[in-house]
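Below: one structure, written as structure tokens.
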Amino acid sequence: MAITFYYGSGSPYAWRVWLALEAKGIAYDWKPISFSDGDHKKPEFLKLNPRHKVPVIIDGDFTLYESAAILEYLDEQYTTGLKLFPGDARQRARVRRLVREADDYFVAASEPLQEAIFFTKRESWDAERIAADRAKLAREAGKWEAAFGSDYLAGELSAADFTLYPMSALCLRMDIRKPDLDAAGAFGPKWHAWMKRVQSLPYLEKTVPPHWKK
Ligand SMILES: N[C@@H](CCC(=O)N[C@@H](CS)C(=O)NCC(=O)O)C(=O)O
């Protein structure tokens, strides 16, 4: 039976799960929810996730939210397709570490700027705050640049790439709203090359947030 996958367009967390489902070749029933219609606050959704957030999956009689936990579950429960946590104990620990670094430090460094650009009216944009938030993002990006050693974050393609890629794509999207921000310039050449490699995965285009394609 297919997994039910609750998705919200633009959510980097939901995107991570979509990439994992595709890469593992798991059958799923895609259920996009509408944030603007408040679907995530409706009683039927709150029964699935009392924190009113996507992603959520339902696999038979098992419901799970939190994207990082979902990827671990999918990898343990389904042996098909890509191994999201490949290798030996040390290699898997490295993947988990990278996932934590993205969820904790990259998010902390990028969310303030995203808040300032996406969720603040243009007329209220505060140049000083934006510059400070961009500098914070650039400092964090520098740490990732220094860590790149091979094609993918942990060597082989893994859950780490599916975690950081959507967050990174969201950062680049800020330049569409404010071209002189140059969020792309906050990232180094290795990071840009890695973005291109992930973009060339055969299922990547399918998972791009639908409202970005309009
Ligand atoms: N830690 C969660 C974060 C999920 C999350 O923040 N989802 C956002 C979209 S990016 C959401 O659904 N927000 C709606 C809300 O909080 O009401 C995960 O990894 O799944």
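Ordering of the structure tokens sets the chain letters (A, B, ...); residue numbers start at 1 within each chain; ligands are numbered from 1 in the order shown.
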
message = Please identify the alpha helix (DSSP H) residues within stretch 6-214 of chain A (assignment by DSSP from backbone atoms) and present them as a VMD selection string.
response = chain A and resid 12 to 24 43 to 46 67 to 77 89 to 101 107 to 118 127 to 147 159 to 177 189 to 199 204 to 207

message = ligand 1: which residues are within 10 Å, counting only C-alpha atoms and all ligand atoms? Reply as a PyMOL selection string.
response = chain A and resi 6-17+33-35+38-41+49-56+64-71+103-104+163+167

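Compared by their closest atoms to A:Gly149, and using only C-alpha atoms, the residues A:Thr4, A:Ala20, A:Glu101, A:Trp191 rank with A:Trp191 nearest.
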
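Residue nearest A:Tyr203, chosen from A:Trp18, A:Phe106, A:Phe118, A:Phe62 and counting only C-alpha atoms: A:Trp18.
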
Apply DSSP to the structure's backbone, then extract all residues of stretch 17-148 of chain A labelled strand (DSSP E) and return them as a PDB file with all heavy atoms, in the first residue's frame.
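Final output, part.pdb:
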ATOM      1  N   TYR A  28       3.898   6.495  -3.272  1.00  0.00           N
ATOM      2  CA  TYR A  28       3.278   7.413  -2.310  1.00  0.00           C
ATOM      3  C   TYR A  28       2.083   8.122  -2.939  1.00  0.00           C
ATOM      4  O   TYR A  28       2.011   8.297  -4.154  1.00  0.00           O
ATOM      5  CB  TYR A  28       4.294   8.449  -1.796  1.00  0.00           C
ATOM      6  CG  TYR A  28       4.938   9.290  -2.875  1.00  0.00           C
ATOM      7  CD1 TYR A  28       4.382  10.506  -3.268  1.00  0.00           C
ATOM      8  CD2 TYR A  28       6.092   8.867  -3.512  1.00  0.00           C
ATOM      9  CE1 TYR A  28       4.965  11.276  -4.262  1.00  0.00           C
ATOM     10  CE2 TYR A  28       6.680   9.632  -4.505  1.00  0.00           C
ATOM     11  CZ  TYR A  28       6.125  10.830  -4.876  1.00  0.00           C
ATOM     12  OH  TYR A  28       6.696  11.586  -5.875  1.00  0.00           O
ATOM     13  N   ASP A  29       1.204   8.502  -2.049  1.00  0.00           N
ATOM     14  CA  ASP A  29       0.015   9.251  -2.442  1.00  0.00           C
ATOM     15  C   ASP A  29       0.262  10.688  -1.972  1.00  0.00           C
ATOM     16  O   ASP A  29       0.263  10.951  -0.768  1.00  0.00           O
ATOM     17  CB  ASP A  29      -1.185   8.589  -1.731  1.00  0.00           C
ATOM     18  CG  ASP A  29      -2.494   9.241  -2.076  1.00  0.00           C
ATOM     19  OD1 ASP A  29      -2.527  10.037  -3.027  1.00  0.00           O
ATOM     20  OD2 ASP A  29      -3.485   8.945  -1.367  1.00  0.00           O
ATOM     21  N   TRP A  30       0.508  11.571  -2.910  1.00  0.00           N
ATOM     22  CA  TRP A  30       0.945  12.955  -2.620  1.00  0.00           C
ATOM     23  C   TRP A  30      -0.248  13.812  -2.230  1.00  0.00           C
ATOM     24  O   TRP A  30      -1.191  13.956  -3.005  1.00  0.00           O
ATOM     25  CB  TRP A  30       1.611  13.495  -3.880  1.00  0.00           C
ATOM     26  CG  TRP A  30       2.313  14.798  -3.759  1.00  0.00           C
ATOM     27  CD1 TRP A  30       3.450  15.053  -3.084  1.00  0.00           C
ATOM     28  CD2 TRP A  30       1.949  16.020  -4.411  1.00  0.00           C
ATOM     29  NE1 TRP A  30       3.828  16.362  -3.255  1.00  0.00           N
ATOM     30  CE2 TRP A  30       2.922  16.976  -4.066  1.00  0.00           C
ATOM     31  CE3 TRP A  30       0.888  16.399  -5.242  1.00  0.00           C
ATOM     32  CZ2 TRP A  30       2.880  18.294  -4.519  1.00  0.00           C
ATOM     33  CZ3 TRP A  30       0.837  17.710  -5.703  1.00  0.00           C
ATOM     34  CH2 TRP A  30       1.828  18.631  -5.343  1.00  0.00           C
ATOM     35  N   LYS A  31      -0.236  14.341  -1.021  1.00  0.00           N
ATOM     36  CA  LYS A  31      -1.373  15.148  -0.531  1.00  0.00           C
ATOM     37  C   LYS A  31      -0.891  16.560  -0.229  1.00  0.00           C
ATOM     38  O   LYS A  31      -0.450  16.842   0.901  1.00  0.00           O
ATOM     39  CB  LYS A  31      -1.930  14.549   0.767  1.00  0.00           C
ATOM     40  CG  LYS A  31      -2.502  13.162   0.627  1.00  0.00           C
ATOM     41  CD  LYS A  31      -4.000  13.232   0.675  1.00  0.00           C
ATOM     42  CE  LYS A  31      -4.606  11.849   0.790  1.00  0.00           C
ATOM     43  NZ  LYS A  31      -5.627  11.605  -0.198  1.00  0.00           N
ATOM     44  N   PRO A  32      -0.945  17.456  -1.207  1.00  0.00           N
ATOM     45  CA  PRO A  32      -0.538  18.836  -0.918  1.00  0.00           C
ATOM     46  C   PRO A  32      -1.560  19.523  -0.029  1.00  0.00           C
ATOM     47  O   PRO A  32      -2.765  19.388  -0.242  1.00  0.00           O
ATOM     48  CB  PRO A  32      -0.486  19.486  -2.306  1.00  0.00           C
ATOM     49  CG  PRO A  32      -1.331  18.640  -3.181  1.00  0.00           C
ATOM     50  CD  PRO A  32      -1.404  17.263  -2.584  1.00  0.00           C
ATOM     51  N   ILE A  33      -1.084  20.212   0.989  1.00  0.00           N
ATOM     52  CA  ILE A  33      -2.000  20.992   1.828  1.00  0.00           C
ATOM     53  C   ILE A  33      -1.794  22.469   1.473  1.00  0.00           C
ATOM     54  O   ILE A  33      -0.738  22.849   0.963  1.00  0.00           O
ATOM     55  CB  ILE A  33      -1.765  20.742   3.336  1.00  0.00           C
ATOM     56  CG1 ILE A  33      -0.355  21.180   3.750  1.00  0.00           C
ATOM     57  CG2 ILE A  33      -1.989  19.289   3.725  1.00  0.00           C
ATOM     58  CD1 ILE A  33      -0.364  22.150   4.866  1.00  0.00           C
ATOM     59  N   VAL A  56       4.150  15.159   6.921  1.00  0.00           N
ATOM     60  CA  VAL A  56       3.650  14.029   7.709  1.00  0.00           C
ATOM     61  C   VAL A  56       3.520  12.865   6.736  1.00  0.00           C
ATOM     62  O   VAL A  56       3.137  13.072   5.581  1.00  0.00           O
ATOM     63  CB  VAL A  56       2.257  14.334   8.317  1.00  0.00           C
ATOM     64  CG1 VAL A  56       1.725  13.110   9.061  1.00  0.00           C
ATOM     65  CG2 VAL A  56       2.290  15.535   9.252  1.00  0.00           C
ATOM     66  N   ILE A  57       3.858  11.683   7.197  1.00  0.00           N
ATOM     67  CA  ILE A  57       3.566  10.497   6.371  1.00  0.00           C
ATOM     68  C   ILE A  57       2.676   9.546   7.174  1.00  0.00           C
ATOM     69  O   ILE A  57       2.722   9.527   8.416  1.00  0.00           O
ATOM     70  CB  ILE A  57       4.842   9.732   5.911  1.00  0.00           C
ATOM     71  CG1 ILE A  57       5.658   9.203   7.101  1.00  0.00           C
ATOM     72  CG2 ILE A  57       5.679  10.574   4.965  1.00  0.00           C
ATOM     73  CD1 ILE A  57       6.607   8.068   6.739  1.00  0.00           C
ATOM     74  N   ILE A  58       1.878   8.781   6.421  1.00  0.00           N
ATOM     75  CA  ILE A  58       1.121   7.680   7.035  1.00  0.00           C
ATOM     76  C   ILE A  58       1.486   6.424   6.263  1.00  0.00           C
ATOM     77  O   ILE A  58       1.328   6.374   5.039  1.00  0.00           O
ATOM     78  CB  ILE A  58      -0.408   7.908   6.970  1.00  0.00           C
ATOM     79  CG1 ILE A  58      -0.778   9.261   7.574  1.00  0.00           C
ATOM     80  CG2 ILE A  58      -1.145   6.790   7.708  1.00  0.00           C
ATOM     81  CD1 ILE A  58      -2.255   9.608   7.450  1.00  0.00           C
ATOM     82  N   ASP A  59       2.009   5.452   6.973  1.00  0.00           N
ATOM     83  CA  ASP A  59       2.396   4.184   6.363  1.00  0.00           C
ATOM     84  C   ASP A  59       1.577   3.096   7.060  1.00  0.00           C
ATOM     85  O   ASP A  59       1.914   2.666   8.166  1.00  0.00           O
ATOM     86  CB  ASP A  59       3.907   3.954   6.560  1.00  0.00           C
ATOM     87  CG  ASP A  59       4.401   2.759   5.767  1.00  0.00           C
ATOM     88  OD1 ASP A  59       3.632   2.222   4.957  1.00  0.00           O
ATOM     89  OD2 ASP A  59       5.581   2.381   5.952  1.00  0.00           O
ATOM     90  N   PHE A  62       0.714   3.533  10.770  1.00  0.00           N
ATOM     91  CA  PHE A  62       1.775   4.316  11.436  1.00  0.00           C
ATOM     92  C   PHE A  62       1.836   5.730  10.863  1.00  0.00           C
ATOM     93  O   PHE A  62       1.998   5.914   9.653  1.00  0.00           O
ATOM     94  CB  PHE A  62       3.122   3.604  11.220  1.00  0.00           C
ATOM     95  CG  PHE A  62       4.292   4.275  11.872  1.00  0.00           C
ATOM     96  CD1 PHE A  62       4.340   4.501  13.236  1.00  0.00           C
ATOM     97  CD2 PHE A  62       5.385   4.689  11.100  1.00  0.00           C
ATOM     98  CE1 PHE A  62       5.430   5.121  13.832  1.00  0.00           C
ATOM     99  CE2 PHE A  62       6.481   5.308  11.680  1.00  0.00           C
ATOM    100  CZ  PHE A  62       6.508   5.529  13.055  1.00  0.00           C
ATOM    101  N   THR A  63       1.697   6.718  11.747  1.00  0.00           N
ATOM    102  CA  THR A  63       1.775   8.125  11.334  1.00  0.00           C
ATOM    103  C   THR A  63       3.049   8.723  11.904  1.00  0.00           C
ATOM    104  O   THR A  63       3.377   8.472  13.067  1.00  0.00           O
ATOM    105  CB  THR A  63       0.554   8.903  11.878  1.00  0.00           C
ATOM    106  OG1 THR A  63      -0.623   8.299  11.357  1.00  0.00           O
ATOM    107  CG2 THR A  63       0.578  10.369  11.460  1.00  0.00           C
ATOM    108  N   LEU A  64       3.756   9.501  11.075  1.00  0.00           N
ATOM    109  CA  LEU A  64       5.021  10.079  11.549  1.00  0.00           C
ATOM    110  C   LEU A  64       5.200  11.497  11.013  1.00  0.00           C
ATOM    111  O   LEU A  64       4.975  11.757   9.834  1.00  0.00           O
ATOM    112  CB  LEU A  64       6.186   9.199  11.083  1.00  0.00           C
ATOM    113  CG  LEU A  64       7.586   9.555  11.614  1.00  0.00           C
ATOM    114  CD1 LEU A  64       7.678   9.401  13.133  1.00  0.00           C
ATOM    115  CD2 LEU A  64       8.657   8.685  10.936  1.00  0.00           C
ATOM    116  N   TYR A  65       5.610  12.406  11.893  1.00  0.00           N
ATOM    117  CA  TYR A  65       6.014  13.752  11.455  1.00  0.00           C
ATOM    118  C   TYR A  65       7.446  13.985  11.905  1.00  0.00           C
ATOM    119  O   TYR A  65       8.013  13.178  12.626  1.00  0.00           O
ATOM    120  CB  TYR A  65       5.046  14.829  11.971  1.00  0.00           C
ATOM    121  CG  TYR A  65       4.797  14.862  13.458  1.00  0.00           C
ATOM    122  CD1 TYR A  65       5.624  15.602  14.300  1.00  0.00           C
ATOM    123  CD2 TYR A  65       3.724  14.186  14.024  1.00  0.00           C
ATOM    124  CE1 TYR A  65       5.388  15.664  15.666  1.00  0.00           C
ATOM    125  CE2 TYR A  65       3.478  14.236  15.390  1.00  0.00           C
ATOM    126  CZ  TYR A  65       4.316  14.972  16.211  1.00  0.00           C
ATOM    127  OH  TYR A  65       4.082  15.031  17.558  1.00  0.00           O
TER     128      TYR A  65
END

request  = Measuring atom to atom with only C-alpha atoms, identify which of A:Glu22, A:Asp161, A:Glu44, A:Glu76 is nearest to A:Lys196.
outcome  = A:Asp161

query = Could you name the residues that touch A:Ala193 at 12 Å or less, counting only C-alpha atoms, but leaving out those on the same chain fewer than 5 positions away, as JSON, numbers by chain?
reply = {"A": [145, 148, 149, 150, 151, 152, 153, 165, 187, 188, 198, 199, 200]}

Got time to write the residues from that selection, N, CA, C and O atoms, as a PDB file, in the first residue's frame?
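Output (again.pdb):
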ATOM      1  N   GLU A 145      31.361  25.406   2.948  1.00  0.00           N
ATOM      2  CA  GLU A 145      32.308  25.439   1.820  1.00  0.00           C
ATOM      3  C   GLU A 145      33.607  24.727   2.221  1.00  0.00           C
ATOM      4  O   GLU A 145      34.152  23.934   1.464  1.00  0.00           O
ATOM      5  N   PHE A 148      33.343  20.804   2.193  1.00  0.00           N
ATOM      6  CA  PHE A 148      33.151  20.018   0.966  1.00  0.00           C
ATOM      7  C   PHE A 148      34.450  19.339   0.564  1.00  0.00           C
ATOM      8  O   PHE A 148      35.476  19.990   0.409  1.00  0.00           O
ATOM      9  N   GLY A 149      34.394  17.999   0.396  1.00  0.00           N
ATOM     10  CA  GLY A 149      35.600  17.312  -0.021  1.00  0.00           C
ATOM     11  C   GLY A 149      35.362  16.496  -1.267  1.00  0.00           C
ATOM     12  O   GLY A 149      36.273  16.197  -2.012  1.00  0.00           O
ATOM     13  N   SER A 150      34.093  16.121  -1.478  1.00  0.00           N
ATOM     14  CA  SER A 150      33.799  15.250  -2.621  1.00  0.00           C
ATOM     15  C   SER A 150      32.486  15.665  -3.269  1.00  0.00           C
ATOM     16  O   SER A 150      31.949  16.720  -2.953  1.00  0.00           O
ATOM     17  N   ASP A 151      31.972  14.811  -4.148  1.00  0.00           N
ATOM     18  CA  ASP A 151      30.791  15.181  -4.928  1.00  0.00           C
ATOM     19  C   ASP A 151      29.594  15.553  -4.063  1.00  0.00           C
ATOM     20  O   ASP A 151      28.873  16.498  -4.336  1.00  0.00           O
ATOM     21  N   TYR A 152      29.376  14.746  -3.017  1.00  0.00           N
ATOM     22  CA  TYR A 152      28.220  14.992  -2.152  1.00  0.00           C
ATOM     23  C   TYR A 152      28.705  15.236  -0.723  1.00  0.00           C
ATOM     24  O   TYR A 152      29.860  14.975  -0.395  1.00  0.00           O
ATOM     25  N   LEU A 153      27.798  15.716   0.105  1.00  0.00           N
ATOM     26  CA  LEU A 153      28.217  16.187   1.433  1.00  0.00           C
ATOM     27  C   LEU A 153      28.941  15.119   2.248  1.00  0.00           C
ATOM     28  O   LEU A 153      29.923  15.408   2.927  1.00  0.00           O
ATOM     29  N   TYR A 165      19.942  20.599   0.494  1.00  0.00           N
ATOM     30  CA  TYR A 165      19.612  21.150  -0.826  1.00  0.00           C
ATOM     31  C   TYR A 165      18.358  22.034  -0.802  1.00  0.00           C
ATOM     32  O   TYR A 165      18.405  23.186  -1.266  1.00  0.00           O
ATOM     33  N   PHE A 187      27.588  32.110  -1.025  1.00  0.00           N
ATOM     34  CA  PHE A 187      28.057  30.725  -1.095  1.00  0.00           C
ATOM     35  C   PHE A 187      29.259  30.609  -2.027  1.00  0.00           C
ATOM     36  O   PHE A 187      29.372  31.359  -2.991  1.00  0.00           O
ATOM     37  N   GLY A 188      30.100  29.660  -1.734  1.00  0.00           N
ATOM     38  CA  GLY A 188      31.343  29.502  -2.493  1.00  0.00           C
ATOM     39  C   GLY A 188      31.206  28.579  -3.694  1.00  0.00           C
ATOM     40  O   GLY A 188      30.146  27.969  -3.911  1.00  0.00           O
ATOM     41  N   VAL A 198      23.284  18.098  -7.500  1.00  0.00           N
ATOM     42  CA  VAL A 198      21.995  17.639  -6.959  1.00  0.00           C
ATOM     43  C   VAL A 198      20.880  17.964  -7.959  1.00  0.00           C
ATOM     44  O   VAL A 198      19.973  17.149  -8.191  1.00  0.00           O
ATOM     45  N   GLN A 199      20.964  19.130  -8.586  1.00  0.00           N
ATOM     46  CA  GLN A 199      19.935  19.523  -9.570  1.00  0.00           C
ATOM     47  C   GLN A 199      19.866  18.551 -10.738  1.00  0.00           C
ATOM     48  O   GLN A 199      18.831  18.423 -11.374  1.00  0.00           O
ATOM     49  N   SER A 200      20.968  17.875 -11.014  1.00  0.00           N
ATOM     50  CA  SER A 200      20.960  16.980 -12.175  1.00  0.00           C
ATOM     51  C   SER A 200      20.430  15.583 -11.829  1.00  0.00           C
ATOM     52  O   SER A 200      20.356  14.716 -12.713  1.00  0.00           O
TER      53      SER A 200
END

task = Could you jot down the atom CA of A:Arg90 to atom CA of A:Glu140 separation for me, Å, one decimal place?
result = 24.3 Å

Pick out the residues sitting within 8 Å of stretch 124-135 of chain A, and hand them over as a PDB file with N, CA and C atoms, in the first residue's frame; count only C-alpha atoms, and ignore anything fewer than 4 positions along from it in its own chain.
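To be explicit, this is the file written out as around23.pdb:
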ATOM      1  N   ALA A 109      20.992  30.164  10.765  1.00  0.00           N
ATOM      2  CA  ALA A 109      21.695  31.232  10.057  1.00  0.00           C
ATOM      3  C   ALA A 109      20.908  31.766   8.865  1.00  0.00           C
ATOM      4  N   SER A 110      19.993  30.970   8.330  1.00  0.00           N
ATOM      5  CA  SER A 110      19.280  31.411   7.121  1.00  0.00           C
ATOM      6  C   SER A 110      17.869  31.908   7.394  1.00  0.00           C
ATOM      7  N   PRO A 112      16.544  33.981   9.681  1.00  0.00           N
ATOM      8  CA  PRO A 112      16.316  35.427   9.887  1.00  0.00           C
ATOM      9  C   PRO A 112      16.271  36.201   8.570  1.00  0.00           C
ATOM     10  N   LEU A 113      17.162  35.843   7.631  1.00  0.00           N
ATOM     11  CA  LEU A 113      17.178  36.540   6.335  1.00  0.00           C
ATOM     12  C   LEU A 113      15.911  36.204   5.534  1.00  0.00           C
ATOM     13  N   ALA A 116      13.173  38.163   6.868  1.00  0.00           N
ATOM     14  CA  ALA A 116      13.289  39.579   6.469  1.00  0.00           C
ATOM     15  C   ALA A 116      12.907  39.795   5.009  1.00  0.00           C
ATOM     16  N   ILE A 117      13.149  38.803   4.155  1.00  0.00           N
ATOM     17  CA  ILE A 117      12.896  38.978   2.718  1.00  0.00           C
ATOM     18  C   ILE A 117      11.523  38.448   2.296  1.00  0.00           C
ATOM     19  N   THR A 120       8.426  39.784   5.164  1.00  0.00           N
ATOM     20  CA  THR A 120       8.338  41.192   5.555  1.00  0.00           C
ATOM     21  C   THR A 120       7.937  41.990   4.319  1.00  0.00           C
ATOM     22  N   ARG A 139      28.584  33.674   6.824  1.00  0.00           N
ATOM     23  CA  ARG A 139      29.515  33.033   7.781  1.00  0.00           C
ATOM     24  C   ARG A 139      29.236  31.534   7.871  1.00  0.00           C
ATOM     25  N   LEU A 181      20.337  41.540  -3.270  1.00  0.00           N
ATOM     26  CA  LEU A 181      20.745  40.832  -2.042  1.00  0.00           C
ATOM     27  C   LEU A 181      21.985  39.977  -2.328  1.00  0.00           C
ATOM     28  N   ALA A 183      22.205  36.650  -2.545  1.00  0.00           N
ATOM     29  CA  ALA A 183      22.339  35.511  -1.622  1.00  0.00           C
ATOM     30  C   ALA A 183      23.273  34.474  -2.237  1.00  0.00           C
ATOM     31  N   ALA A 186      26.786  34.616  -1.302  1.00  0.00           N
ATOM     32  CA  ALA A 186      27.171  34.243   0.069  1.00  0.00           C
ATOM     33  C   ALA A 186      27.791  32.841   0.081  1.00  0.00           C
TER      34      ALA A 186
END

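Atom CA of A:Ala160 is positioned 8.0 Å from atom CA of A:Ala102.
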
ask   = Do you know which residues are at most 12 Å from A:Ala93 counting only C-alpha atoms, after dropping those on the same chain fewer than 4 positions away, and could you put them as a PyMOL selection string?
value = chain A and resi 84-89+97-100+154+158-160
